[in-house]
$ cat upload00.txt   # compact mmCIF, N, CA and C atoms
# COMPACT_ATOMS: atom_id res chain seq x y z
N MET K 1 8.71 14.08 8.38
CA MET K 1 7.75 14.24 7.31
C MET K 1 6.53 13.37 7.62
N THR K 2 5.36 13.95 7.56
CA THR K 2 4.13 13.21 7.78
C THR K 2 3.60 12.77 6.42
N ARG K 3 3.45 11.48 6.26
CA ARG K 3 2.95 10.92 5.00
C ARG K 3 1.43 10.79 5.05
N PRO K 4 0.78 10.94 3.91
CA PRO K 4 -0.67 10.70 3.89
C PRO K 4 -0.96 9.23 4.17
N ILE K 5 -2.16 8.96 4.70
CA ILE K 5 -2.61 7.60 4.94
C ILE K 5 -3.96 7.42 4.25
N ALA K 6 -4.36 6.18 4.08
CA ALA K 6 -5.68 5.86 3.54
C ALA K 6 -6.64 5.75 4.72
N ASN K 7 -7.57 6.68 4.83
CA ASN K 7 -8.54 6.66 5.93
C ASN K 7 -9.64 5.63 5.71
N HIS K 8 -9.81 5.18 4.48
CA HIS K 8 -10.78 4.15 4.11
C HIS K 8 -10.09 3.18 3.16
N PRO K 9 -10.48 1.92 3.15
CA PRO K 9 -9.82 0.95 2.27
C PRO K 9 -9.75 1.39 0.80
N HIS K 10 -10.84 1.96 0.29
CA HIS K 10 -10.84 2.34 -1.13
C HIS K 10 -9.88 3.49 -1.46
N GLU K 11 -9.25 4.09 -0.44
CA GLU K 11 -8.29 5.17 -0.66
C GLU K 11 -6.84 4.68 -0.76
N ILE K 12 -6.61 3.39 -0.56
CA ILE K 12 -5.22 2.88 -0.55
C ILE K 12 -4.53 3.15 -1.88
N ALA K 13 -5.15 2.78 -2.99
CA ALA K 13 -4.51 2.97 -4.29
C ALA K 13 -4.30 4.45 -4.60
N GLU K 14 -5.25 5.30 -4.21
CA GLU K 14 -5.09 6.75 -4.43
C GLU K 14 -3.87 7.27 -3.68
N THR K 15 -3.66 6.76 -2.48
CA THR K 15 -2.52 7.20 -1.68
C THR K 15 -1.22 6.67 -2.28
N ILE K 16 -1.23 5.42 -2.72
CA ILE K 16 -0.04 4.86 -3.38
C ILE K 16 0.27 5.66 -4.65
N ALA K 17 -0.76 6.10 -5.37
CA ALA K 17 -0.56 6.89 -6.59
C ALA K 17 0.22 8.17 -6.29
N ILE K 18 -0.07 8.79 -5.15
CA ILE K 18 0.67 10.00 -4.75
C ILE K 18 2.15 9.66 -4.56
N PHE K 19 2.42 8.56 -3.84
CA PHE K 19 3.80 8.16 -3.59
C PHE K 19 4.52 7.77 -4.88
N LEU K 20 3.83 7.07 -5.78
CA LEU K 20 4.45 6.69 -7.05
C LEU K 20 4.83 7.92 -7.85
N LYS K 21 3.93 8.87 -7.93
CA LYS K 21 4.20 10.10 -8.70
C LYS K 21 5.43 10.83 -8.17
N GLU K 22 5.64 10.74 -6.83
CA GLU K 22 6.79 11.38 -6.20
C GLU K 22 8.04 10.49 -6.20
N GLY K 23 7.88 9.22 -6.60
CA GLY K 23 9.00 8.29 -6.54
C GLY K 23 9.37 7.93 -5.12
N ASP K 24 8.41 8.00 -4.19
CA ASP K 24 8.64 7.78 -2.76
C ASP K 24 8.42 6.30 -2.42
N LEU K 25 9.49 5.52 -2.54
CA LEU K 25 9.40 4.08 -2.29
C LEU K 25 9.01 3.79 -0.85
N GLU K 26 9.56 4.51 0.11
CA GLU K 26 9.20 4.27 1.51
C GLU K 26 7.74 4.57 1.76
N GLY K 27 7.20 5.59 1.10
CA GLY K 27 5.78 5.89 1.21
C GLY K 27 4.93 4.76 0.68
N ILE K 28 5.33 4.21 -0.47
CA ILE K 28 4.61 3.07 -1.05
C ILE K 28 4.61 1.90 -0.07
N ILE K 29 5.78 1.59 0.46
CA ILE K 29 5.91 0.47 1.40
C ILE K 29 5.04 0.69 2.64
N SER K 30 4.88 1.94 3.05
CA SER K 30 4.08 2.23 4.24
C SER K 30 2.61 1.87 4.06
N MET K 31 2.18 1.61 2.83
CA MET K 31 0.79 1.26 2.54
C MET K 31 0.55 -0.25 2.58
N PHE K 32 1.55 -1.00 3.04
CA PHE K 32 1.45 -2.45 3.14
C PHE K 32 1.61 -2.87 4.59
N HIS K 33 0.81 -3.84 5.00
CA HIS K 33 0.91 -4.41 6.34
C HIS K 33 2.29 -5.07 6.46
N PRO K 34 2.94 -5.00 7.63
CA PRO K 34 4.26 -5.60 7.80
C PRO K 34 4.32 -7.10 7.48
N GLU K 35 3.18 -7.80 7.58
CA GLU K 35 3.15 -9.24 7.30
C GLU K 35 2.42 -9.54 5.98
N CYS K 36 2.41 -8.59 5.08
CA CYS K 36 1.66 -8.76 3.83
C CYS K 36 2.27 -9.83 2.93
N LYS K 37 1.45 -10.27 1.98
CA LYS K 37 1.90 -11.12 0.88
C LYS K 37 1.44 -10.45 -0.40
N ILE K 38 2.36 -10.35 -1.36
CA ILE K 38 2.07 -9.73 -2.65
C ILE K 38 2.29 -10.79 -3.72
N TYR K 39 1.24 -11.12 -4.44
CA TYR K 39 1.30 -12.16 -5.46
C TYR K 39 1.60 -11.52 -6.81
N PHE K 40 2.85 -11.08 -6.96
CA PHE K 40 3.30 -10.44 -8.20
C PHE K 40 4.80 -10.58 -8.28
N PRO K 41 5.32 -10.90 -9.46
CA PRO K 41 4.61 -11.20 -10.69
C PRO K 41 3.92 -12.56 -10.65
N PRO K 42 2.89 -12.71 -11.50
CA PRO K 42 2.16 -13.99 -11.54
C PRO K 42 3.10 -15.16 -11.81
N GLY K 43 2.79 -16.27 -11.17
CA GLY K 43 3.59 -17.48 -11.38
C GLY K 43 4.80 -17.59 -10.48
N GLU K 44 5.11 -16.53 -9.74
CA GLU K 44 6.23 -16.57 -8.79
C GLU K 44 5.70 -16.71 -7.37
N ALA K 45 6.57 -17.13 -6.47
CA ALA K 45 6.19 -17.19 -5.06
C ALA K 45 5.83 -15.78 -4.59
N PRO K 46 4.90 -15.67 -3.65
CA PRO K 46 4.52 -14.33 -3.18
C PRO K 46 5.69 -13.63 -2.50
N LYS K 47 5.72 -12.32 -2.64
CA LYS K 47 6.70 -11.49 -1.92
C LYS K 47 6.07 -11.21 -0.55
N VAL K 48 6.90 -11.20 0.50
CA VAL K 48 6.39 -11.14 1.87
C VAL K 48 6.92 -9.91 2.60
N GLY K 49 6.03 -9.26 3.35
CA GLY K 49 6.41 -8.16 4.23
C GLY K 49 6.88 -6.92 3.50
N HIS K 50 7.43 -6.01 4.26
CA HIS K 50 7.91 -4.75 3.68
C HIS K 50 9.06 -4.98 2.72
N SER K 51 9.89 -6.00 2.97
CA SER K 51 10.98 -6.29 2.02
C SER K 51 10.39 -6.77 0.69
N GLY K 52 9.29 -7.51 0.75
CA GLY K 52 8.62 -7.93 -0.48
C GLY K 52 8.02 -6.77 -1.24
N ALA K 53 7.40 -5.82 -0.51
CA ALA K 53 6.85 -4.63 -1.15
C ALA K 53 7.96 -3.81 -1.80
N HIS K 54 9.10 -3.74 -1.12
CA HIS K 54 10.26 -3.04 -1.68
C HIS K 54 10.68 -3.68 -3.00
N GLU K 55 10.76 -5.01 -2.99
CA GLU K 55 11.18 -5.73 -4.20
C GLU K 55 10.22 -5.49 -5.37
N VAL K 56 8.93 -5.53 -5.09
CA VAL K 56 7.93 -5.36 -6.14
C VAL K 56 7.92 -3.93 -6.68
N PHE K 57 8.08 -2.93 -5.82
CA PHE K 57 7.86 -1.54 -6.24
C PHE K 57 9.12 -0.73 -6.51
N LYS K 58 10.30 -1.27 -6.26
CA LYS K 58 11.51 -0.46 -6.41
C LYS K 58 11.68 0.07 -7.83
N ASP K 59 11.42 -0.73 -8.84
CA ASP K 59 11.57 -0.26 -10.23
C ASP K 59 10.44 0.69 -10.62
N PHE K 60 9.22 0.40 -10.13
CA PHE K 60 8.09 1.30 -10.43
C PHE K 60 8.33 2.68 -9.82
N ALA K 61 8.87 2.74 -8.61
CA ALA K 61 9.11 4.03 -7.96
C ALA K 61 10.08 4.88 -8.78
N VAL K 62 11.08 4.25 -9.35
CA VAL K 62 12.05 4.98 -10.18
C VAL K 62 11.37 5.54 -11.43
N MET K 63 10.45 4.77 -12.02
CA MET K 63 9.74 5.20 -13.24
C MET K 63 8.73 6.31 -12.97
N LYS K 64 8.27 6.43 -11.72
CA LYS K 64 7.26 7.42 -11.33
C LYS K 64 6.02 7.38 -12.24
N PRO K 65 5.42 6.19 -12.38
CA PRO K 65 4.25 6.11 -13.26
C PRO K 65 3.02 6.75 -12.64
N ILE K 66 2.04 6.98 -13.48
CA ILE K 66 0.74 7.45 -13.03
C ILE K 66 -0.11 6.22 -12.78
N LEU K 67 -0.63 6.07 -11.56
CA LEU K 67 -1.50 4.95 -11.22
C LEU K 67 -2.94 5.43 -11.30
N ILE K 68 -3.72 4.75 -12.12
CA ILE K 68 -5.14 5.02 -12.24
C ILE K 68 -5.86 3.77 -11.77
N SER K 69 -6.64 3.90 -10.69
CA SER K 69 -7.30 2.74 -10.10
C SER K 69 -8.75 3.07 -9.82
N THR K 70 -9.62 2.14 -10.18
CA THR K 70 -11.05 2.27 -9.90
C THR K 70 -11.48 1.09 -9.06
N VAL K 71 -11.86 1.36 -7.82
CA VAL K 71 -12.35 0.30 -6.94
C VAL K 71 -13.74 -0.09 -7.41
N THR K 72 -13.92 -1.39 -7.69
CA THR K 72 -15.21 -1.89 -8.19
C THR K 72 -15.99 -2.66 -7.13
N GLY K 73 -15.34 -2.95 -5.99
CA GLY K 73 -16.01 -3.65 -4.91
C GLY K 73 -15.27 -3.44 -3.62
N GLU K 74 -16.03 -3.31 -2.52
CA GLU K 74 -15.43 -3.13 -1.21
C GLU K 74 -16.33 -3.75 -0.16
N ALA K 75 -15.75 -4.57 0.72
CA ALA K 75 -16.47 -5.14 1.85
C ALA K 75 -15.56 -5.02 3.07
N VAL K 76 -16.11 -4.49 4.17
CA VAL K 76 -15.31 -4.26 5.37
C VAL K 76 -15.99 -4.91 6.56
N ASN K 77 -15.19 -5.58 7.38
CA ASN K 77 -15.67 -6.16 8.63
C ASN K 77 -14.63 -5.80 9.70
N GLY K 78 -14.94 -4.78 10.51
CA GLY K 78 -14.01 -4.36 11.55
C GLY K 78 -12.74 -3.79 10.94
N ASP K 79 -11.60 -4.38 11.28
CA ASP K 79 -10.31 -3.90 10.81
C ASP K 79 -9.78 -4.68 9.61
N THR K 80 -10.66 -5.42 8.92
CA THR K 80 -10.28 -6.21 7.75
C THR K 80 -11.26 -5.90 6.63
N GLY K 81 -10.76 -5.88 5.41
CA GLY K 81 -11.63 -5.61 4.28
C GLY K 81 -11.19 -6.37 3.04
N LEU K 82 -12.04 -6.34 2.04
CA LEU K 82 -11.78 -6.98 0.75
C LEU K 82 -12.06 -5.94 -0.33
N LEU K 83 -11.14 -5.80 -1.27
CA LEU K 83 -11.30 -4.85 -2.37
C LEU K 83 -11.14 -5.56 -3.70
N GLN K 84 -11.84 -5.05 -4.70
CA GLN K 84 -11.59 -5.43 -6.09
C GLN K 84 -11.42 -4.12 -6.84
N ALA K 85 -10.53 -4.12 -7.83
CA ALA K 85 -10.27 -2.89 -8.57
C ALA K 85 -9.76 -3.19 -9.97
N GLU K 86 -9.95 -2.22 -10.83
CA GLU K 86 -9.35 -2.19 -12.16
C GLU K 86 -8.27 -1.11 -12.08
N TRP K 87 -7.06 -1.40 -12.55
CA TRP K 87 -5.97 -0.44 -12.43
C TRP K 87 -5.09 -0.45 -13.67
N ARG K 88 -4.33 0.61 -13.81
CA ARG K 88 -3.30 0.66 -14.85
C ARG K 88 -2.21 1.64 -14.45
N PHE K 89 -0.99 1.36 -14.90
CA PHE K 89 0.14 2.27 -14.76
C PHE K 89 0.38 2.88 -16.13
N GLU K 90 0.52 4.21 -16.16
CA GLU K 90 0.83 4.91 -17.40
C GLU K 90 2.10 5.73 -17.20
N ALA K 91 2.87 5.86 -18.28
CA ALA K 91 4.01 6.77 -18.27
C ALA K 91 3.46 8.20 -18.36
N ALA K 92 4.32 9.17 -18.12
CA ALA K 92 3.90 10.58 -18.16
C ALA K 92 3.27 10.96 -19.51
N ASP K 93 3.71 10.29 -20.58
CA ASP K 93 3.16 10.60 -21.91
C ASP K 93 1.88 9.83 -22.22
N GLY K 94 1.37 9.06 -21.23
CA GLY K 94 0.14 8.31 -21.43
C GLY K 94 0.33 6.89 -21.92
N THR K 95 1.57 6.49 -22.19
CA THR K 95 1.85 5.14 -22.66
C THR K 95 1.52 4.13 -21.55
N LEU K 96 0.79 3.08 -21.90
CA LEU K 96 0.44 2.04 -20.95
C LEU K 96 1.67 1.23 -20.56
N ILE K 97 1.91 1.10 -19.25
CA ILE K 97 3.02 0.31 -18.73
C ILE K 97 2.53 -1.06 -18.28
N ALA K 98 1.42 -1.08 -17.54
CA ALA K 98 0.85 -2.33 -17.03
C ALA K 98 -0.59 -2.07 -16.63
N GLU K 99 -1.40 -3.15 -16.61
CA GLU K 99 -2.78 -3.02 -16.16
C GLU K 99 -3.26 -4.36 -15.63
N GLY K 100 -4.35 -4.33 -14.86
CA GLY K 100 -4.88 -5.56 -14.33
C GLY K 100 -6.18 -5.36 -13.57
N SER K 101 -6.71 -6.48 -13.11
CA SER K 101 -7.89 -6.52 -12.26
C SER K 101 -7.45 -7.15 -10.95
N SER K 102 -7.50 -6.39 -9.88
CA SER K 102 -6.92 -6.85 -8.61
C SER K 102 -7.97 -7.30 -7.61
N THR K 103 -7.51 -8.14 -6.71
CA THR K 103 -8.27 -8.55 -5.53
C THR K 103 -7.32 -8.39 -4.36
N GLU K 104 -7.77 -7.67 -3.30
CA GLU K 104 -6.90 -7.43 -2.16
C GLU K 104 -7.65 -7.61 -0.85
N VAL K 105 -6.95 -8.18 0.11
CA VAL K 105 -7.41 -8.17 1.49
C VAL K 105 -6.65 -7.03 2.15
N VAL K 106 -7.37 -6.17 2.87
CA VAL K 106 -6.76 -5.01 3.50
C VAL K 106 -6.97 -5.07 5.01
N LYS K 107 -6.06 -4.43 5.73
CA LYS K 107 -6.16 -4.40 7.19
C LYS K 107 -5.82 -2.99 7.67
N ARG K 108 -6.36 -2.65 8.84
CA ARG K 108 -6.00 -1.38 9.46
C ARG K 108 -4.55 -1.50 9.94
N LEU K 109 -3.79 -0.44 9.75
CA LEU K 109 -2.38 -0.40 10.13
C LEU K 109 -2.20 0.29 11.48
N GLU K 110 -1.01 0.17 12.04
CA GLU K 110 -0.71 0.80 13.34
C GLU K 110 -0.93 2.30 13.33
N ASN K 111 -0.74 2.95 12.16
CA ASN K 111 -0.89 4.41 12.08
C ASN K 111 -2.36 4.84 11.98
N GLY K 112 -3.29 3.87 12.01
CA GLY K 112 -4.71 4.18 11.93
C GLY K 112 -5.27 4.14 10.52
N GLY K 113 -4.39 4.12 9.53
CA GLY K 113 -4.82 4.03 8.14
C GLY K 113 -5.03 2.59 7.73
N TRP K 114 -5.25 2.40 6.44
CA TRP K 114 -5.46 1.07 5.88
C TRP K 114 -4.32 0.72 4.94
N GLY K 115 -4.01 -0.58 4.83
CA GLY K 115 -2.96 -1.04 3.93
C GLY K 115 -3.26 -2.43 3.41
N TYR K 116 -2.55 -2.80 2.37
CA TYR K 116 -2.74 -4.13 1.78
C TYR K 116 -2.14 -5.20 2.69
N PHE K 117 -2.88 -6.28 2.88
CA PHE K 117 -2.43 -7.44 3.64
C PHE K 117 -2.17 -8.61 2.69
N ILE K 118 -3.10 -8.84 1.76
CA ILE K 118 -2.90 -9.80 0.67
C ILE K 118 -3.19 -9.04 -0.61
N ASP K 119 -2.18 -8.86 -1.44
CA ASP K 119 -2.32 -8.07 -2.66
C ASP K 119 -2.15 -8.99 -3.86
N CYS K 120 -3.21 -9.09 -4.65
CA CYS K 120 -3.20 -9.90 -5.87
C CYS K 120 -3.52 -8.96 -7.04
N PRO K 121 -2.53 -8.22 -7.54
CA PRO K 121 -2.80 -7.21 -8.55
C PRO K 121 -3.32 -7.77 -9.88
N MET K 122 -3.11 -9.04 -10.12
CA MET K 122 -3.61 -9.66 -11.34
C MET K 122 -4.74 -10.65 -11.02
N GLY K 123 -5.37 -10.48 -9.87
CA GLY K 123 -6.41 -11.40 -9.41
C GLY K 123 -5.77 -12.52 -8.60
N PRO K 124 -6.59 -13.33 -7.93
CA PRO K 124 -6.05 -14.42 -7.11
C PRO K 124 -5.19 -15.39 -7.94
N PRO K 125 -4.14 -15.93 -7.34
CA PRO K 125 -3.31 -16.88 -8.07
C PRO K 125 -4.05 -18.18 -8.33
N GLU K 126 -3.52 -18.93 -9.28
CA GLU K 126 -4.09 -20.23 -9.63
C GLU K 126 -4.06 -21.18 -8.44
N LEU K 127 -5.09 -21.98 -8.32
CA LEU K 127 -5.13 -22.99 -7.27
C LEU K 127 -4.17 -24.12 -7.66
N ILE K 128 -3.26 -24.43 -6.75
CA ILE K 128 -2.31 -25.52 -6.99
C ILE K 128 -2.61 -26.60 -5.95
N VAL K 129 -2.98 -27.78 -6.41
CA VAL K 129 -3.29 -28.88 -5.48
C VAL K 129 -2.26 -29.97 -5.56
$ encode --input "upload00.txt" --output "structure tokens"
Amino acid sequence: MTRPIANHPHEIAETIAIFLKEGDLEGIISMFHPECKIYFPPGEAPKVGHSGAHEVFKDFAVMKPILISTVTGEAVNGDTGLLQAEWRFEAADGTLIAEGSSTEVVKRLENGGWGYFIDCPMGPPELIV
């Protein structure tokens, strides 16, 4: 099976939305760099790599929510980029499940597409000194 990829950084969330709607957890995981860090849920240690993406998204994939994401900022330098977005998960009946303002560092993946490298779905974590 050939999975869709994000040809541009701002397409990552749109591609994940397709996988979420299908409940395709492996497809969701494919949108993350193998060495990614996901800062979710807030206040917890970041989840790392594909196993971390699995941990974060396993319950969402079962729910098959609708992901609505609007990229509000994008900066790209070579194979690395920075995104900001407003997003929300809705149930099929339109009920709000979760929402946030995200900041993400993205990188080109081995398949030629783009994926999340540092994912902060609720914005950057608090500075701890």
$ select_by_dssp --input "upload00.txt" --residues "chain K" --states "strand (DSSP E or B)" --output "PyMOL selection string"
chain K and resi 32-38+47-48+66-77+80-90+96-108+114-121+123
$ closest_residue --input "upload00.txt" --among "K:Glu26, K:Ile68, K:Trp114, K:Glu55" --to "Phe40 (chain K)" --atoms "only N, CA and C atoms"
K:Glu55
$ atom_distance --input "upload00.txt" --atom1 "atom C of Gln84 (chain K)" --atom2 "atom C of Val71 (chain K)"
4.7 Å
$ residues_around --input "upload00.txt" --residues "region 4-6 of chain K" --least-positions-apart "3" --cutoff "6 Å" --atoms "only C-alpha atoms" --output "MDAnalysis selection string"
chainID K and resid 11:12 113:114
$ closest_residue --input "upload00.txt" --among "K:Val105, K:Leu25, K:Ile66, K:Ala61" --to "Asp119 (chain K)" --atoms "all atoms listed in the file"
K:Val105
$ atom_distance --input "upload00.txt" --atom1 "atom N of Thr80 (chain K)" --atom2 "CA of Val129 (chain K)"
28.5 Å
$ select_by_dssp --input "upload00.txt" --residues "region 12-99 of chain K" --states "alpha helix (DSSP H)" --output "ChimeraX atom specification"
/K:12-22,25-29,49-63
$ write_last_selection --input "upload00.txt" --atoms "N, CA and C atoms" --output "PDB file, keeping the file's coordinate frame"
ATOM      1  N   ILE K  12      -6.610   3.390  -0.560  1.00  0.00           N
ATOM      2  CA  ILE K  12      -5.220   2.880  -0.550  1.00  0.00           C
ATOM      3  C   ILE K  12      -4.530   3.150  -1.880  1.00  0.00           C
ATOM      4  N   ALA K  13      -5.150   2.780  -2.990  1.00  0.00           N
ATOM      5  CA  ALA K  13      -4.510   2.970  -4.290  1.00  0.00           C
ATOM      6  C   ALA K  13      -4.300   4.450  -4.600  1.00  0.00           C
ATOM      7  N   GLU K  14      -5.250   5.300  -4.210  1.00  0.00           N
ATOM      8  CA  GLU K  14      -5.090   6.750  -4.430  1.00  0.00           C
ATOM      9  C   GLU K  14      -3.870   7.270  -3.680  1.00  0.00           C
ATOM     10  N   THR K  15      -3.660   6.760  -2.480  1.00  0.00           N
ATOM     11  CA  THR K  15      -2.520   7.200  -1.680  1.00  0.00           C
ATOM     12  C   THR K  15      -1.220   6.670  -2.280  1.00  0.00           C
ATOM     13  N   ILE K  16      -1.230   5.420  -2.720  1.00  0.00           N
ATOM     14  CA  ILE K  16      -0.040   4.860  -3.380  1.00  0.00           C
ATOM     15  C   ILE K  16       0.270   5.660  -4.650  1.00  0.00           C
ATOM     16  N   ALA K  17      -0.760   6.100  -5.370  1.00  0.00           N
ATOM     17  CA  ALA K  17      -0.560   6.890  -6.590  1.00  0.00           C
ATOM     18  C   ALA K  17       0.220   8.170  -6.290  1.00  0.00           C
ATOM     19  N   ILE K  18      -0.070   8.790  -5.150  1.00  0.00           N
ATOM     20  CA  ILE K  18       0.670  10.000  -4.750  1.00  0.00           C
ATOM     21  C   ILE K  18       2.150   9.660  -4.560  1.00  0.00           C
ATOM     22  N   PHE K  19       2.420   8.560  -3.840  1.00  0.00           N
ATOM     23  CA  PHE K  19       3.800   8.160  -3.590  1.00  0.00           C
ATOM     24  C   PHE K  19       4.520   7.770  -4.880  1.00  0.00           C
ATOM     25  N   LEU K  20       3.830   7.070  -5.780  1.00  0.00           N
ATOM     26  CA  LEU K  20       4.450   6.690  -7.050  1.00  0.00           C
ATOM     27  C   LEU K  20       4.830   7.920  -7.850  1.00  0.00           C
ATOM     28  N   LYS K  21       3.930   8.870  -7.930  1.00  0.00           N
ATOM     29  CA  LYS K  21       4.200  10.100  -8.700  1.00  0.00           C
ATOM     30  C   LYS K  21       5.430  10.830  -8.170  1.00  0.00           C
ATOM     31  N   GLU K  22       5.640  10.740  -6.830  1.00  0.00           N
ATOM     32  CA  GLU K  22       6.790  11.380  -6.200  1.00  0.00           C
ATOM     33  C   GLU K  22       8.040  10.490  -6.200  1.00  0.00           C
ATOM     34  N   LEU K  25       9.490   5.520  -2.540  1.00  0.00           N
ATOM     35  CA  LEU K  25       9.400   4.080  -2.290  1.00  0.00           C
ATOM     36  C   LEU K  25       9.010   3.790  -0.850  1.00  0.00           C
ATOM     37  N   GLU K  26       9.560   4.510   0.110  1.00  0.00           N
ATOM     38  CA  GLU K  26       9.200   4.270   1.510  1.00  0.00           C
ATOM     39  C   GLU K  26       7.740   4.570   1.760  1.00  0.00           C
ATOM     40  N   GLY K  27       7.200   5.590   1.100  1.00  0.00           N
ATOM     41  CA  GLY K  27       5.780   5.890   1.210  1.00  0.00           C
ATOM     42  C   GLY K  27       4.930   4.760   0.680  1.00  0.00           C
ATOM     43  N   ILE K  28       5.330   4.210  -0.470  1.00  0.00           N
ATOM     44  CA  ILE K  28       4.610   3.070  -1.050  1.00  0.00           C
ATOM     45  C   ILE K  28       4.610   1.900  -0.070  1.00  0.00           C
ATOM     46  N   ILE K  29       5.780   1.590   0.460  1.00  0.00           N
ATOM     47  CA  ILE K  29       5.910   0.470   1.400  1.00  0.00           C
ATOM     48  C   ILE K  29       5.040   0.690   2.640  1.00  0.00           C
ATOM     49  N   GLY K  49       6.030  -9.260   3.350  1.00  0.00           N
ATOM     50  CA  GLY K  49       6.410  -8.160   4.230  1.00  0.00           C
ATOM     51  C   GLY K  49       6.880  -6.920   3.500  1.00  0.00           C
ATOM     52  N   HIS K  50       7.430  -6.010   4.260  1.00  0.00           N
ATOM     53  CA  HIS K  50       7.910  -4.750   3.680  1.00  0.00           C
ATOM     54  C   HIS K  50       9.060  -4.980   2.720  1.00  0.00           C
ATOM     55  N   SER K  51       9.890  -6.000   2.970  1.00  0.00           N
ATOM     56  CA  SER K  51      10.980  -6.290   2.020  1.00  0.00           C
ATOM     57  C   SER K  51      10.390  -6.770   0.690  1.00  0.00           C
ATOM     58  N   GLY K  52       9.290  -7.510   0.750  1.00  0.00           N
ATOM     59  CA  GLY K  52       8.620  -7.930  -0.480  1.00  0.00           C
ATOM     60  C   GLY K  52       8.020  -6.770  -1.240  1.00  0.00           C
ATOM     61  N   ALA K  53       7.400  -5.820  -0.510  1.00  0.00           N
ATOM     62  CA  ALA K  53       6.850  -4.630  -1.150  1.00  0.00           C
ATOM     63  C   ALA K  53       7.960  -3.810  -1.800  1.00  0.00           C
ATOM     64  N   HIS K  54       9.100  -3.740  -1.120  1.00  0.00           N
ATOM     65  CA  HIS K  54      10.260  -3.040  -1.680  1.00  0.00           C
ATOM     66  C   HIS K  54      10.680  -3.680  -3.000  1.00  0.00           C
ATOM     67  N   GLU K  55      10.760  -5.010  -2.990  1.00  0.00           N
ATOM     68  CA  GLU K  55      11.180  -5.730  -4.200  1.00  0.00           C
ATOM     69  C   GLU K  55      10.220  -5.490  -5.370  1.00  0.00           C
ATOM     70  N   VAL K  56       8.930  -5.530  -5.090  1.00  0.00           N
ATOM     71  CA  VAL K  56       7.930  -5.360  -6.140  1.00  0.00           C
ATOM     72  C   VAL K  56       7.920  -3.930  -6.680  1.00  0.00           C
ATOM     73  N   PHE K  57       8.080  -2.930  -5.820  1.00  0.00           N
ATOM     74  CA  PHE K  57       7.860  -1.540  -6.240  1.00  0.00           C
ATOM     75  C   PHE K  57       9.120  -0.730  -6.510  1.00  0.00           C
ATOM     76  N   LYS K  58      10.300  -1.270  -6.260  1.00  0.00           N
ATOM     77  CA  LYS K  58      11.510  -0.460  -6.410  1.00  0.00           C
ATOM     78  C   LYS K  58      11.680   0.070  -7.830  1.00  0.00           C
ATOM     79  N   ASP K  59      11.420  -0.730  -8.840  1.00  0.00           N
ATOM     80  CA  ASP K  59      11.570  -0.260 -10.230  1.00  0.00           C
ATOM     81  C   ASP K  59      10.440   0.690 -10.620  1.00  0.00           C
ATOM     82  N   PHE K  60       9.220   0.400 -10.130  1.00  0.00           N
ATOM     83  CA  PHE K  60       8.090   1.300 -10.430  1.00  0.00           C
ATOM     84  C   PHE K  60       8.330   2.680  -9.820  1.00  0.00           C
ATOM     85  N   ALA K  61       8.870   2.740  -8.610  1.00  0.00           N
ATOM     86  CA  ALA K  61       9.110   4.030  -7.960  1.00  0.00           C
ATOM     87  C   ALA K  61      10.080   4.880  -8.780  1.00  0.00           C
ATOM     88  N   VAL K  62      11.080   4.250  -9.350  1.00  0.00           N
ATOM     89  CA  VAL K  62      12.050   4.980 -10.180  1.00  0.00           C
ATOM     90  C   VAL K  62      11.370   5.540 -11.430  1.00  0.00           C
ATOM     91  N   MET K  63      10.450   4.770 -12.020  1.00  0.00           N
ATOM     92  CA  MET K  63       9.740   5.200 -13.240  1.00  0.00           C
ATOM     93  C   MET K  63       8.730   6.310 -12.970  1.00  0.00           C
TER      94      MET K  63
END
$ atom_distance --input "upload00.txt" --atom1 "CA of Gly100 (chain K)" --atom2 "CA of Thr15 (chain K)"
18.1 Å
$ residues_around --input "upload00.txt" --residues "Ser51 (chain K)" --least-positions-apart "3" --cutoff "10 Å" --atoms "only C-alpha atoms" --output "PDB file with N, CA and C atoms, keeping the file's coordinate frame"
ATOM      1  N   ILE K  29       5.780   1.590   0.460  1.00  0.00           N
ATOM      2  CA  ILE K  29       5.910   0.470   1.400  1.00  0.00           C
ATOM      3  C   ILE K  29       5.040   0.690   2.640  1.00  0.00           C
ATOM      4  N   PRO K  34       2.940  -5.000   7.630  1.00  0.00           N
ATOM      5  CA  PRO K  34       4.260  -5.600   7.800  1.00  0.00           C
ATOM      6  C   PRO K  34       4.320  -7.100   7.480  1.00  0.00           C
ATOM      7  N   GLU K  35       3.180  -7.800   7.580  1.00  0.00           N
ATOM      8  CA  GLU K  35       3.150  -9.240   7.300  1.00  0.00           C
ATOM      9  C   GLU K  35       2.420  -9.540   5.980  1.00  0.00           C
ATOM     10  N   CYS K  36       2.410  -8.590   5.080  1.00  0.00           N
ATOM     11  CA  CYS K  36       1.660  -8.760   3.830  1.00  0.00           C
ATOM     12  C   CYS K  36       2.270  -9.830   2.930  1.00  0.00           C
ATOM     13  N   LYS K  47       5.720 -12.320  -2.640  1.00  0.00           N
ATOM     14  CA  LYS K  47       6.700 -11.490  -1.920  1.00  0.00           C
ATOM     15  C   LYS K  47       6.070 -11.210  -0.550  1.00  0.00           C
ATOM     16  N   VAL K  48       6.900 -11.200   0.500  1.00  0.00           N
ATOM     17  CA  VAL K  48       6.390 -11.140   1.870  1.00  0.00           C
ATOM     18  C   VAL K  48       6.920  -9.910   2.600  1.00  0.00           C
ATOM     19  N   HIS K  54       9.100  -3.740  -1.120  1.00  0.00           N
ATOM     20  CA  HIS K  54      10.260  -3.040  -1.680  1.00  0.00           C
ATOM     21  C   HIS K  54      10.680  -3.680  -3.000  1.00  0.00           C
ATOM     22  N   GLU K  55      10.760  -5.010  -2.990  1.00  0.00           N
ATOM     23  CA  GLU K  55      11.180  -5.730  -4.200  1.00  0.00           C
ATOM     24  C   GLU K  55      10.220  -5.490  -5.370  1.00  0.00           C
ATOM     25  N   VAL K  56       8.930  -5.530  -5.090  1.00  0.00           N
ATOM     26  CA  VAL K  56       7.930  -5.360  -6.140  1.00  0.00           C
ATOM     27  C   VAL K  56       7.920  -3.930  -6.680  1.00  0.00           C
TER      28      VAL K  56
END
$ closest_residue --input "upload00.txt" --among "K:Gly52, K:Pro41, K:Gly78, K:Gly94" --to "Met122 (chain K)" --atoms "all atoms listed in the file"
K:Pro41
